[in-house]
file work07.txt (compact mmCIF, C-alpha atoms (C1' of nucleotides))
# COMPACT_ATOMS: atom_id res chain seq x y z
CA MET Y 30 107.01 127.96 98.37
CA THR Y 31 103.97 126.10 97.31
CA LYS Y 32 101.42 127.51 94.92
CA ALA Y 33 101.54 129.17 91.55
CA GLN Y 34 105.15 129.47 90.49
CA THR Y 35 105.08 132.47 88.25
CA THR Y 36 108.44 132.41 86.53
CA LYS Y 37 111.57 130.41 86.01
CA THR Y 38 111.16 127.94 88.87
CA ALA Y 39 107.78 126.79 87.59
CA THR Y 40 109.24 124.01 85.47
CA LYS Y 41 110.95 122.61 88.51
CA THR Y 42 107.77 121.95 90.43
CA ALA Y 43 105.57 120.68 87.65
CA THR Y 44 104.65 117.45 89.41
CA ARG Y 45 102.86 119.00 92.30
CA THR Y 46 99.22 119.35 91.43
CA MET Y 47 99.32 117.51 88.13
CA LYS Y 48 97.43 114.31 87.61
CA ILE Y 49 100.16 111.74 87.11
CA PRO Y 50 99.73 109.35 84.16
CA GLU Y 51 99.50 105.69 85.19
CA GLU Y 52 102.63 104.90 83.23
CA GLU Y 53 104.62 107.30 85.39
CA LYS Y 54 103.54 105.50 88.54
CA ARG Y 55 105.20 102.24 87.56
CA LEU Y 56 108.04 101.10 89.78
CA GLU Y 57 110.61 101.27 86.99
CA ARG Y 58 109.74 104.91 86.30
CA GLN Y 59 110.50 105.96 89.86
CA LEU Y 60 113.71 107.87 90.37
CA CYS Y 61 113.65 106.83 94.02
CA PHE Y 62 113.69 103.17 93.03
CA ALA Y 63 116.48 103.70 90.52
CA VAL Y 64 118.57 105.17 93.34
CA TYR Y 65 117.50 102.51 95.83
CA SER Y 66 118.24 99.56 93.57
CA THR Y 67 121.52 101.02 92.30
CA ALA Y 68 122.66 101.46 95.90
CA HIS Y 69 121.99 97.77 96.50
CA ALA Y 70 123.76 96.87 93.25
CA PHE Y 71 126.81 98.79 94.48
CA THR Y 72 126.81 97.02 97.82
CA ARG Y 73 126.67 93.66 96.05
CA ALA Y 74 129.41 94.65 93.62
CA TYR Y 75 131.66 95.67 96.52
CA LYS Y 76 130.95 92.58 98.59
CA PRO Y 77 133.34 90.06 97.00
CA ILE Y 78 136.06 92.72 96.88
CA LEU Y 79 135.60 93.86 100.47
CA ASP Y 80 135.26 90.30 101.73
CA LYS Y 81 138.91 89.87 100.83
CA VAL Y 82 139.90 92.57 103.31
CA GLY Y 83 137.22 91.73 105.88
CA LEU Y 84 135.16 94.91 105.64
CA THR Y 85 131.47 95.51 105.11
CA TYR Y 86 130.51 98.27 102.74
CA PRO Y 87 129.54 100.81 105.45
CA GLN Y 88 132.74 99.95 107.29
CA TYR Y 89 134.68 100.69 104.09
CA LEU Y 90 133.03 104.12 103.93
CA VAL Y 91 134.18 104.83 107.49
CA MET Y 92 137.69 103.77 106.51
CA LEU Y 93 137.59 106.16 103.53
CA VAL Y 94 136.83 108.97 105.97
CA LEU Y 95 139.64 107.94 108.28
CA TRP Y 96 142.15 107.58 105.46
CA GLU Y 97 141.54 111.28 104.76
CA LYS Y 98 142.17 112.18 108.37
CA ALA Y 99 143.41 109.54 110.77
CA ALA Y 100 141.74 110.78 113.95
CA LEU Y 101 138.21 112.13 114.20
CA PRO Y 102 135.40 112.30 116.73
CA VAL Y 103 132.42 110.02 116.13
CA LYS Y 104 130.25 113.06 115.49
CA THR Y 105 132.40 114.24 112.56
CA ILE Y 106 132.41 110.81 110.99
CA GLY Y 107 128.65 110.80 111.34
CA GLU Y 108 128.34 114.18 109.67
CA GLN Y 109 130.43 113.11 106.70
CA LEU Y 110 128.52 109.87 106.19
CA ASP Y 111 125.16 111.26 107.32
CA LEU Y 112 124.82 108.50 109.90
CA ASP Y 113 123.91 108.84 113.56
CA SER Y 114 125.56 107.33 116.61
CA GLY Y 115 122.92 104.61 116.73
CA THR Y 116 124.41 103.25 113.53
CA LEU Y 117 128.03 104.19 114.11
CA SER Y 118 128.51 103.03 117.70
CA PRO Y 119 128.13 99.31 117.00
CA LEU Y 120 129.86 99.60 113.62
CA LEU Y 121 132.90 101.29 115.19
CA LYS Y 122 132.92 98.68 117.93
CA ARG Y 123 133.29 96.02 115.24
CA LEU Y 124 136.05 97.97 113.49
CA GLU Y 125 137.83 98.17 116.82
CA GLN Y 126 137.48 94.43 117.33
CA SER Y 127 138.98 93.99 113.87
CA GLY Y 128 142.00 95.96 115.06
CA LEU Y 129 141.65 98.74 112.47
CA ILE Y 130 140.77 101.58 114.84
CA VAL Y 131 140.93 102.51 118.50
CA ARG Y 132 138.45 104.63 120.41
CA THR Y 133 139.55 106.98 123.15
CA ARG Y 134 137.76 109.62 125.15
CA ASP Y 135 138.89 113.13 124.32
CA PRO Y 136 140.55 114.43 127.53
CA ARG Y 137 139.58 118.00 126.48
CA ASP Y 138 135.91 117.00 126.31
CA GLU Y 139 135.06 113.70 127.92
CA ARG Y 140 131.78 113.50 126.01
CA GLN Y 141 133.59 112.94 122.76
CA VAL Y 142 135.11 109.69 121.55
CA ILE Y 143 138.03 110.08 119.18
CA VAL Y 144 138.37 107.38 116.57
CA THR Y 145 141.96 106.80 115.50
CA LEU Y 146 143.43 104.52 112.84
CA THR Y 147 145.75 101.82 114.11
CA GLN Y 148 148.87 100.93 112.15
CA GLU Y 149 146.90 98.09 110.71
CA GLY Y 150 144.06 100.36 109.72
CA ASP Y 151 146.46 102.81 108.14
CA ALA Y 152 148.27 100.02 106.30
CA MET Y 153 145.02 98.89 104.72
CA ARG Y 154 145.03 102.15 102.79
CA SER Y 155 147.51 100.61 100.38
CA GLN Y 156 144.74 98.35 99.09
CA VAL Y 157 142.42 101.17 98.10
CA ASP Y 158 143.83 101.41 94.57
CA ASP Y 159 143.00 97.77 93.96
CA ILE Y 160 139.52 98.11 95.44
CA MET Y 161 138.69 101.20 93.40
CA GLY Y 162 140.24 99.68 90.31
CA GLU Y 163 138.07 96.60 90.56
CA ILE Y 164 134.94 98.64 91.13
CA GLY Y 165 135.87 101.00 88.30
CA GLN Y 166 135.78 97.96 86.05
CA ALA Y 167 132.32 97.00 87.22
CA ILE Y 168 130.94 100.52 86.88
CA GLY Y 169 131.73 100.39 83.20
CA CYS Y 170 131.39 104.01 82.27
CA THR Y 171 133.80 106.83 81.56
CA LEU Y 172 135.27 109.04 84.24
CA GLU Y 173 133.33 111.96 82.77
CA GLU Y 174 130.05 110.08 83.00
CA MET Y 175 130.87 109.07 86.57
CA ALA Y 176 131.65 112.64 87.59
CA ASP Y 177 128.53 113.97 85.90
CA LEU Y 178 126.30 111.40 87.54
CA ARG Y 179 127.90 111.95 90.92
CA GLU Y 180 127.34 115.70 90.73
CA LYS Y 181 123.72 115.29 89.71
CA LEU Y 182 123.15 112.93 92.64
CA GLN Y 183 124.84 115.33 95.03
CA GLY Y 184 122.47 118.03 93.81
CA LEU Y 185 119.48 115.75 94.25
CA ARG Y 186 120.64 114.77 97.71
CA GLY Y 187 120.92 118.45 98.56
CA ASN Y 188 117.39 119.11 97.36
CA LEU Y 189 115.98 116.20 99.33
CA THR Y 190 117.81 117.24 102.45
CA GLU Y 191 117.47 121.01 102.45
CA THR Y 192 114.03 121.17 104.05
CA ARG Y 193 114.94 118.99 107.02
CA MET B 46 140.73 111.65 80.82
CA THR B 47 143.96 109.98 81.77
CA LYS B 48 146.34 107.82 79.83
CA ALA B 49 146.90 106.47 76.39
CA GLN B 50 143.62 104.93 75.34
CA THR B 51 144.28 102.54 72.51
CA THR B 52 140.84 101.42 71.37
CA LYS B 53 137.27 102.45 71.80
CA THR B 54 136.51 100.22 74.78
CA ALA B 55 139.60 101.43 76.53
CA THR B 56 137.88 104.63 77.56
CA LYS B 57 135.39 102.62 79.54
CA THR B 58 137.95 100.79 81.58
CA ALA B 59 140.41 103.54 82.20
CA THR B 60 140.45 103.17 85.96
CA ARG B 61 141.74 99.64 85.98
CA THR B 62 145.47 99.74 86.28
CA MET B 63 145.89 103.48 86.71
CA LYS B 64 147.33 105.05 89.79
CA ILE B 65 144.41 106.98 91.25
CA PRO B 66 145.12 110.55 92.41
CA GLU B 67 144.56 111.07 96.15
CA GLU B 68 141.87 113.64 95.46
CA GLU B 69 139.82 111.02 93.63
CA LYS B 70 139.89 108.74 96.65
CA ARG B 71 138.02 111.18 98.88
CA LEU B 72 134.61 110.06 100.08
CA GLU B 73 132.82 112.90 98.35
CA ARG B 74 134.34 111.94 95.02
CA GLN B 75 132.95 108.42 95.19
CA LEU B 76 130.01 107.68 92.93
CA CYS B 77 129.10 104.79 95.22
CA PHE B 78 128.75 107.15 98.17
CA ALA B 79 126.69 109.61 96.15
CA VAL B 80 124.26 106.80 95.37
CA TYR B 81 124.35 105.46 98.94
CA SER B 82 123.69 108.79 100.62
CA THR B 83 121.06 109.83 98.08
CA ALA B 84 119.21 106.59 98.73
CA HIS B 85 119.16 107.41 102.44
CA ALA B 86 118.06 110.96 101.67
CA PHE B 87 115.12 109.55 99.70
CA THR B 88 114.12 107.24 102.52
CA ARG B 89 114.15 110.16 104.94
CA ALA B 90 112.19 112.36 102.54
CA TYR B 91 109.53 109.67 102.17
CA LYS B 92 109.29 108.92 105.89
CA PRO B 93 106.95 111.73 107.02
CA ILE B 94 104.76 111.17 103.96
CA LEU B 95 104.56 107.39 104.33
CA ASP B 96 104.08 107.63 108.10
CA LYS B 97 100.69 109.16 107.33
CA VAL B 98 99.60 105.96 105.57
CA GLY B 99 101.48 103.60 107.88
CA LEU B 100 104.00 102.24 105.37
CA THR B 101 107.77 101.96 105.48
CA TYR B 102 109.64 102.85 102.32
CA PRO B 103 110.36 99.24 101.25
CA GLN B 104 106.72 98.38 101.97
CA TYR B 105 105.69 101.25 99.71
CA LEU B 106 107.82 99.78 96.91
CA VAL B 107 106.03 96.44 97.31
CA MET B 108 102.71 98.25 97.13
CA LEU B 109 103.81 99.97 93.90
CA VAL B 110 104.44 96.53 92.40
CA LEU B 111 101.07 95.24 93.54
CA TRP B 112 99.23 98.31 92.29
CA GLU B 113 100.53 97.37 88.84
CA LYS B 114 99.24 93.81 89.19
CA ALA B 115 97.11 92.89 92.16
CA ALA B 116 98.22 89.26 92.58
CA LEU B 117 101.78 88.02 92.24
CA PRO B 118 103.97 85.24 93.63
CA VAL B 119 106.64 86.26 96.15
CA LYS B 120 109.32 85.34 93.64
CA THR B 121 108.06 87.82 91.04
CA ILE B 122 107.86 90.62 93.57
CA GLY B 123 111.42 89.79 94.54
CA GLU B 124 112.58 89.89 90.94
CA GLN B 125 111.06 93.29 90.35
CA LEU B 126 112.52 94.78 93.52
CA ASP B 127 115.71 92.74 93.43
CA LEU B 128 115.09 91.47 96.95
CA ASP B 129 115.22 87.89 98.18
CA SER B 130 112.72 86.01 100.26
CA GLY B 131 114.80 86.56 103.38
CA THR B 132 113.89 90.21 103.11
CA LEU B 133 110.40 89.84 101.67
CA SER B 134 108.98 87.12 103.92
CA PRO B 135 108.94 89.17 107.12
CA LEU B 136 108.05 92.37 105.23
CA LEU B 137 105.04 90.71 103.60
CA LYS B 138 104.03 89.29 106.94
CA ARG B 139 103.86 92.83 108.28
CA LEU B 140 101.87 94.03 105.27
CA GLU B 141 99.46 91.18 105.89
CA GLN B 142 99.13 92.16 109.54
CA SER B 143 98.37 95.69 108.36
CA GLY B 144 95.49 94.25 106.32
CA LEU B 145 96.81 95.42 102.96
CA ILE B 146 97.58 92.01 101.43
CA VAL B 147 96.77 88.33 101.90
CA ARG B 148 99.07 85.41 101.22
CA THR B 149 97.79 82.12 99.85
CA ARG B 150 99.53 79.00 98.59
CA ASP B 151 99.13 78.51 94.85
CA PRO B 152 97.07 75.31 94.47
CA ARG B 153 98.75 74.71 91.07
CA ASP B 154 102.18 74.75 92.73
CA GLU B 155 102.17 74.49 96.47
CA ARG B 156 105.70 75.84 96.72
CA GLN B 157 104.55 79.27 95.65
CA VAL B 158 102.84 81.86 97.79
CA ILE B 159 100.58 84.25 95.92
CA VAL B 160 100.40 87.76 97.35
CA THR B 161 97.09 89.49 96.69
CA LEU B 162 95.92 93.01 97.46
CA THR B 163 92.99 93.28 99.83
CA GLN B 164 90.27 95.85 99.23
CA GLU B 165 92.06 98.02 101.73
CA GLY B 166 95.35 97.59 99.92
CA ASP B 167 93.75 98.39 96.61
CA ALA B 168 91.99 101.43 98.04
CA MET B 169 95.30 102.86 99.22
CA ARG B 170 96.23 103.30 95.58
CA SER B 171 94.15 106.46 95.52
CA GLN B 172 96.75 108.14 97.71
CA VAL B 173 99.63 107.58 95.32
CA ASP B 174 99.12 110.90 93.51
CA ASP B 175 99.48 112.79 96.77
CA ILE B 176 102.56 110.81 97.78
CA MET B 177 104.29 111.28 94.43
CA GLY B 178 103.25 114.92 94.32
CA GLU B 179 104.83 115.61 97.70
CA ILE B 180 108.02 113.82 96.76
CA GLY B 181 108.10 115.57 93.41
CA GLN B 182 108.27 118.79 95.34
CA ALA B 183 111.18 117.63 97.41
CA ILE B 184 113.12 116.32 94.43
CA GLY B 185 113.17 119.81 93.03
CA CYS B 186 114.23 119.16 89.48
CA THR B 187 112.48 119.03 86.15
CA LEU B 188 110.78 115.95 84.79
CA GLU B 189 113.41 115.82 82.05
CA GLU B 190 116.24 115.88 84.56
CA MET B 191 114.51 113.17 86.59
CA ALA B 192 114.08 110.93 83.56
CA ASP B 193 117.65 111.47 82.45
CA LEU B 194 119.06 110.69 85.87
CA ARG B 195 116.85 107.66 86.23
CA GLU B 196 117.99 106.25 82.90
CA LYS B 197 121.64 106.80 83.71
CA LEU B 198 121.18 105.02 87.04
CA GLN B 199 119.39 102.14 85.36
CA GLY B 200 122.34 101.81 83.01
CA LEU B 201 124.78 101.87 85.90
CA ARG B 202 122.73 99.31 87.80
CA GLY B 203 122.81 97.13 84.70
CA ASN B 204 126.57 97.39 84.46
CA LEU B 205 127.06 96.59 88.13
CA THR B 206 124.74 93.62 87.92
CA GLU B 207 125.64 92.04 84.60
CA THR B 208 128.64 90.05 85.81
CA ARG B 209 126.74 88.35 88.61
C1' DC O 189 128.53 130.03 141.57
C1' DG O 190 124.55 126.78 140.61
C1' DC O 191 121.28 124.83 138.00
C1' DA O 192 118.87 124.28 133.59
C1' DA O 193 119.64 123.39 128.80
C1' DT O 194 122.51 121.37 125.51
C1' DT O 195 125.65 118.09 123.56
C1' DA O 196 127.96 113.46 122.60
C1' DA O 197 127.81 108.73 122.59
C1' DA O 198 125.66 104.58 123.79
C1' DT O 199 121.57 101.73 124.23
C1' DT O 200 116.99 99.83 123.04
C1' DG O 201 113.60 98.43 119.84
C1' DT O 202 111.92 97.95 115.08
C1' DA O 203 112.67 97.06 110.26
C1' DC O 204 115.30 96.11 106.52
C1' DG O 205 119.04 93.37 103.51
C1' DC O 206 121.43 89.30 102.71
C1' DA O 207 124.01 84.76 103.36
C1' DA O 208 123.26 80.26 104.68
C1' DG O 209 120.49 76.58 105.92
C1' DT O 210 115.79 74.03 106.34
C1' DG O 211 111.81 71.66 104.57
C1' DA O 212 108.31 70.80 101.37
C1' DA O 213 106.93 70.49 96.49
C1' DT O 214 108.15 69.90 91.78
C1' DT O 215 111.11 68.79 87.92
C1' DT O 216 114.82 66.33 85.87
C1' DT O 217 117.18 62.24 84.78
C1' DG O 218 118.97 57.76 84.65
C1' DC S 52 109.08 55.40 87.65
C1' DA S 53 112.21 56.42 91.51
C1' DA S 54 116.16 58.88 93.12
C1' DA S 55 118.56 63.13 92.55
C1' DA S 56 118.53 67.83 91.62
C1' DT S 57 116.09 72.04 91.66
C1' DT S 58 112.82 75.47 93.18
C1' DC S 59 110.26 78.23 96.46
C1' DA S 60 109.41 80.25 100.70
C1' DC S 61 110.67 80.44 105.42
C1' DT S 62 113.94 80.87 109.19
C1' DT S 63 118.26 82.13 111.54
C1' DG S 64 122.07 85.03 112.34
C1' DC S 65 124.62 89.20 111.48
C1' DG S 66 125.12 93.97 110.26
C1' DT S 67 123.26 98.09 109.19
C1' DA S 68 119.72 102.34 109.66
C1' DC S 69 117.10 105.13 112.55
C1' DA S 70 113.78 106.84 116.23
C1' DA S 71 113.65 107.38 120.96
C1' DT S 72 115.63 107.11 125.37
C1' DT S 73 119.51 107.20 128.67
C1' DT S 74 123.77 108.74 130.80
C1' DA S 75 127.51 111.62 131.35
C1' DA S 76 129.86 115.92 130.41
C1' DT S 77 129.82 120.68 129.19
C1' DT S 78 127.83 125.18 128.40
C1' DG S 79 124.77 129.05 129.32
C1' DC S 80 122.36 131.95 132.07
C1' DG S 81 120.58 134.26 135.91
call {"tool": "encode", "arguments": {"input": "work07.txt", "output": "structure tokens"}}
result
Amino acid sequence: MTKAQTTKTATKTATRTMKIPEEEKRLERQLCFAVYSTAHAFTRAYKPILDKVGLTYPQYLVMLVLWEKAALPVKTIGEQLDLDSGTLSPLLKRLEQSGLIVRTRDPRDERQVIVTLTQEGDAMRSQVDDIMGEIGQAIGCTLEEMADLREKLQGLRGNLTETR
Amino acid sequence: MTKAQTTKTATKTATRTMKIPEEEKRLERQLCFAVYSTAHAFTRAYKPILDKVGLTYPQYLVMLVLWEKAALPVKTIGEQLDLDSGTLSPLLKRLEQSGLIVRTRDPRDERQVIVTLTQEGDAMRSQVDDIMGEIGQAIGCTLEEMADLREKLQGLRGNLTETR
DNA sequence: CGCAATTAAATTGTACGCAAGTGAATTTTG
DNA sequence: CAAAATTCACTTGCGTACAATTTAATTGCG
């Protein structure tokens, strides 16, 4: 799908061959930068909160996954977070050193490593209300606005990913 | 929404002391993760395009800043991108090695390093239409939707940042 | 069955991001 | 005006991200 869009999808691909006005090329007009810088702003907003429980932000995301289901193979965690083993292997090693998870080979398939919450890791779940409450404060918008924005981003992420 | 909102600002802070339903704690319901994973999706979408011109995604953002104004101190670039010198110093060193910029001490204030586009760096500007065109394709939404989403993210970023 | 292809995780190397600390230049202040 | 405080960029150390490679285990296929 490339050339002359005849009908309804045409409006969706307007940028392709158009000459882009200089104003639209400015950093602050870039959607990609808005996403990029907001992601950093989130990480910074989480930092003082997560410091109190000794987690980095990506580690917190892994814990969110494990609080949904307490034992998962590395591969599944990677699929949910869209991270590969090159990122997860050292991260999980640090979570293990922190005593929050254990890693064991799956006896059914020795290639797989099953990540399991320890008691300590499970207990940390009780702090999630506080963490999300504090962040909710910082986000400063209504639940409806949050849900709307989240859904739009999920759609965008889908578009960006679909042609991989 | 949720509870008894007393005043007009209450709607904006509803999450604070509320008990959060389990469903809302799932990874996929987190706005922070939507932003995080979309940012990664953008980086991946840009990669094959930027590989052709030999830039990483953060380097491309620096070039966007410099294409707006061809000579700037490191500090100003950092302010626009919200990055500190610990990130920018090595990145700029690589851009200099690529021949796209030069770095010179400001004679008026020897603490400052002025980053200036080389001819080569300036010439690369001509490729920005192609880059943005290709990404525009991948984004797959209308210009209106893009602008709306960008503005909402800028607002969110502002909220997250204002209490720093 | 036996070997090639595939899969899962770890490892290596490069490039961010950021906190903390260093050193040089400038500004502020007593 | 001189000492103290601040500013700017750089460096160091740690933790992601991700491509590419490696190793071990499993699956598929003839």
call {"tool": "interface_residues", "arguments": {"input": "work07.txt", "of": "chain S", "to": "chain Y", "cutoff": "10 Å", "atoms": "all atoms listed in the file", "output": "MDAnalysis selection string"}}
result
chainID S and resid 66:70 75:77
call {"tool": "calpha_fit_and_write", "arguments": {"input": "work07.txt", "fixed": "chain Y", "moving": "chain B", "output": "tab-separated table (two decimals) with C-alpha atoms, in the frame of the given file"}}
result
chain	number	residue	atom	x	y	z
B	46	MET	CA	106.44	119.86	81.24
B	47	THR	CA	102.90	120.15	82.47
B	48	LYS	CA	100.77	123.13	83.32
B	49	ALA	CA	100.85	126.87	83.28
B	50	GLN	CA	104.07	127.85	84.98
B	51	THR	CA	103.78	131.44	86.08
B	52	THR	CA	107.23	132.32	87.39
B	53	LYS	CA	110.71	130.95	87.30
B	54	THR	CA	110.49	128.94	90.51
B	55	ALA	CA	107.26	127.41	89.39
B	56	THR	CA	109.07	124.98	87.14
B	57	LYS	CA	110.79	123.51	90.15
B	58	THR	CA	107.63	122.77	92.03
B	59	ALA	CA	105.44	121.58	89.23
B	60	THR	CA	104.51	118.30	90.85
B	61	ARG	CA	102.83	119.82	93.84
B	62	THR	CA	99.17	120.13	93.12
B	63	MET	CA	99.12	118.41	89.75
B	64	LYS	CA	97.22	115.25	89.08
B	65	ILE	CA	99.94	112.71	88.37
B	66	PRO	CA	99.43	110.43	85.35
B	67	GLU	CA	99.18	106.73	86.26
B	68	GLU	CA	102.25	105.95	84.19
B	69	GLU	CA	104.33	108.26	86.37
B	70	LYS	CA	103.30	106.37	89.49
B	71	ARG	CA	104.90	103.11	88.37
B	72	LEU	CA	107.78	101.86	90.48
B	73	GLU	CA	110.25	102.08	87.63
B	74	ARG	CA	109.42	105.73	87.08
B	75	GLN	CA	110.30	106.66	90.64
B	76	LEU	CA	113.56	108.51	91.13
B	77	CYS	CA	113.57	107.35	94.75
B	78	PHE	CA	113.52	103.72	93.65
B	79	ALA	CA	116.27	104.29	91.11
B	80	VAL	CA	118.46	105.65	93.90
B	81	TYR	CA	117.40	102.91	96.33
B	82	SER	CA	118.06	100.02	93.97
B	83	THR	CA	121.30	101.51	92.67
B	84	ALA	CA	122.55	101.82	96.23
B	85	HIS	CA	121.85	98.12	96.75
B	86	ALA	CA	123.52	97.31	93.44
B	87	PHE	CA	126.64	99.14	94.64
B	88	THR	CA	126.68	97.27	97.93
B	89	ARG	CA	126.46	93.98	96.06
B	90	ALA	CA	129.17	95.01	93.60
B	91	TYR	CA	131.50	95.91	96.47
B	92	LYS	CA	130.79	92.76	98.48
B	93	PRO	CA	133.14	90.29	96.74
B	94	ILE	CA	135.88	92.92	96.64
B	95	LEU	CA	135.53	93.97	100.28
B	96	ASP	CA	135.17	90.36	101.44
B	97	LYS	CA	138.80	89.92	100.44
B	98	VAL	CA	139.87	92.54	102.99
B	99	GLY	CA	137.24	91.63	105.58
B	100	LEU	CA	135.21	94.85	105.48
B	101	THR	CA	131.51	95.49	105.03
B	102	TYR	CA	130.52	98.35	102.77
B	103	PRO	CA	129.63	100.80	105.58
B	104	GLN	CA	132.88	99.86	107.33
B	105	TYR	CA	134.74	100.67	104.12
B	106	LEU	CA	133.14	104.13	104.10
B	107	VAL	CA	134.37	104.72	107.66
B	108	MET	CA	137.84	103.65	106.59
B	109	LEU	CA	137.72	106.13	103.69
B	110	VAL	CA	137.03	108.90	106.21
B	111	LEU	CA	139.87	107.78	108.45
B	112	TRP	CA	142.31	107.46	105.56
B	113	GLU	CA	141.72	111.17	104.99
B	114	LYS	CA	142.45	111.97	108.63
B	115	ALA	CA	143.72	109.25	110.91
B	116	ALA	CA	142.11	110.42	114.17
B	117	LEU	CA	138.60	111.78	114.50
B	118	PRO	CA	135.83	111.92	117.10
B	119	VAL	CA	132.80	109.69	116.50
B	120	LYS	CA	130.67	112.77	115.96
B	121	THR	CA	132.78	114.00	113.04
B	122	ILE	CA	132.74	110.61	111.37
B	123	GLY	CA	128.98	110.63	111.77
B	124	GLU	CA	128.69	114.07	110.22
B	125	GLN	CA	130.70	113.08	107.19
B	126	LEU	CA	128.76	109.88	106.62
B	127	ASP	CA	125.45	111.26	107.84
B	128	LEU	CA	125.09	108.42	110.33
B	129	ASP	CA	124.25	108.66	114.01
B	130	SER	CA	125.96	107.05	116.94
B	131	GLY	CA	123.31	104.35	117.09
B	132	THR	CA	124.70	103.07	113.83
B	133	LEU	CA	128.35	103.94	114.36
B	134	SER	CA	128.88	102.67	117.91
B	135	PRO	CA	128.44	98.98	117.12
B	136	LEU	CA	130.12	99.36	113.71
B	137	LEU	CA	133.20	100.96	115.27
B	138	LYS	CA	133.24	98.28	117.91
B	139	ARG	CA	133.54	95.70	115.15
B	140	LEU	CA	136.29	97.66	113.41
B	141	GLU	CA	138.13	97.76	116.71
B	142	GLN	CA	137.74	94.01	117.12
B	143	SER	CA	139.17	93.64	113.63
B	144	GLY	CA	142.24	95.56	114.82
B	145	LEU	CA	141.87	98.41	112.33
B	146	ILE	CA	141.06	101.21	114.80
B	147	VAL	CA	141.29	102.02	118.50
B	148	ARG	CA	138.86	104.12	120.50
B	149	THR	CA	140.01	106.39	123.31
B	150	ARG	CA	138.23	109.00	125.40
B	151	ASP	CA	139.41	112.52	124.65
B	152	PRO	CA	141.10	113.72	127.87
B	153	ARG	CA	140.17	117.33	126.93
B	154	ASP	CA	136.49	116.37	126.79
B	155	GLU	CA	135.62	113.06	128.30
B	156	ARG	CA	132.31	112.92	126.46
B	157	GLN	CA	134.08	112.41	123.16
B	158	VAL	CA	135.57	109.21	121.85
B	159	ILE	CA	138.47	109.64	119.46
B	160	VAL	CA	138.74	106.99	116.76
B	161	THR	CA	142.30	106.39	115.59
B	162	LEU	CA	143.69	104.18	112.85
B	163	THR	CA	146.01	101.42	113.98
B	164	GLN	CA	149.09	100.55	111.95
B	165	GLU	CA	147.06	97.76	110.46
B	166	GLY	CA	144.24	100.12	109.59
B	167	ASP	CA	146.63	102.57	108.04
B	168	ALA	CA	148.38	99.84	106.08
B	169	MET	CA	145.09	98.78	104.51
B	170	ARG	CA	145.07	102.09	102.68
B	171	SER	CA	147.47	100.61	100.17
B	172	GLN	CA	144.67	98.42	98.86
B	173	VAL	CA	142.36	101.29	98.00
B	174	ASP	CA	143.67	101.61	94.43
B	175	ASP	CA	142.81	97.99	93.73
B	176	ILE	CA	139.37	98.33	95.29
B	177	MET	CA	138.51	101.49	93.38
B	178	GLY	CA	139.98	100.06	90.20
B	179	GLU	CA	137.77	96.98	90.41
B	180	ILE	CA	134.69	99.04	91.11
B	181	GLY	CA	135.58	101.45	88.34
B	182	GLN	CA	135.37	98.52	86.00
B	183	ALA	CA	131.95	97.55	87.21
B	184	ILE	CA	130.59	101.08	87.01
B	185	GLY	CA	131.29	101.06	83.32
B	186	CYS	CA	130.99	104.72	82.49
B	187	THR	CA	133.42	107.51	81.82
B	188	LEU	CA	135.00	109.62	84.52
B	189	GLU	CA	133.06	112.61	83.19
B	190	GLU	CA	129.77	110.77	83.43
B	191	MET	CA	130.65	109.64	86.96
B	192	ALA	CA	131.48	113.17	88.07
B	193	ASP	CA	128.34	114.58	86.49
B	194	LEU	CA	126.11	111.99	88.10
B	195	ARG	CA	127.80	112.43	91.44
B	196	GLU	CA	127.28	116.18	91.37
B	197	LYS	CA	123.63	115.85	90.43
B	198	LEU	CA	123.11	113.40	93.29
B	199	GLN	CA	124.87	115.71	95.72
B	200	GLY	CA	122.51	118.47	94.64
B	201	LEU	CA	119.50	116.22	95.09
B	202	ARG	CA	120.74	115.10	98.50
B	203	GLY	CA	121.10	118.76	99.43
B	204	ASN	CA	117.55	119.51	98.37
B	205	LEU	CA	116.15	116.55	100.26
B	206	THR	CA	118.08	117.46	103.37
B	207	GLU	CA	117.77	121.23	103.52
B	208	THR	CA	114.35	121.38	105.17
B	209	ARG	CA	115.35	119.14	108.06
call {"tool": "atom_distance", "arguments": {"input": "work07.txt", "atom1": "atom CA of Val160 of chain B", "atom2": "atom CA of Arg148 of chain B"}}
result
4.7 Å
call {"tool": "interface_residues", "arguments": {"input": "work07.txt", "of": "chain O", "to": "chain B", "cutoff": "9 Å", "atoms": "all atoms listed in the file", "output": "number ranges by chain"}}
result
O: 203-206, 212-214
call {"tool": "atom_distance", "arguments": {"input": "work07.txt", "atom1": "atom CA of Lys92 of chain B", "atom2": "atom CA of Ile146 of chain B"}}
result
21.0 Å
call {"tool": "atom_distance", "arguments": {"input": "work07.txt", "atom1": "atom CA of Ser118 of chain Y", "atom2": "atom CA of Val103 of chain Y"}}
result
8.2 Å
call {"tool": "decode", "arguments": {"input": "work07.txt", "residues": "segment 199-210 of chain O", "atoms": "C-alpha atoms (C1' of nucleotides)", "output": "PDB file, in the first residue's frame"}}
result
ATOM      1  C1'  DT O 199      26.605 -13.191  26.213  1.00  0.00           C
ATOM      2  C1'  DT O 200      29.089  -9.501  23.732  1.00  0.00           C
ATOM      3  C1'  DG O 201      29.460  -4.968  21.988  1.00  0.00           C
ATOM      4  C1'  DT O 202      27.513  -0.368  21.132  1.00  0.00           C
ATOM      5  C1'  DA O 203      24.708   3.501  22.476  1.00  0.00           C
ATOM      6  C1'  DC O 204      21.801   5.804  25.314  1.00  0.00           C
ATOM      7  C1'  DG O 205      19.995   7.953  30.075  1.00  0.00           C
ATOM      8  C1'  DC O 206      21.035   9.588  34.452  1.00  0.00           C
ATOM      9  C1'  DA O 207      23.198  10.244  39.205  1.00  0.00           C
ATOM     10  C1'  DA O 208      27.240  11.705  41.230  1.00  0.00           C
ATOM     11  C1'  DG O 209      31.599  13.654  41.160  1.00  0.00           C
ATOM     12  C1'  DT O 210      35.569  16.467  38.898  1.00  0.00           C
TER      13       DT O 210
END
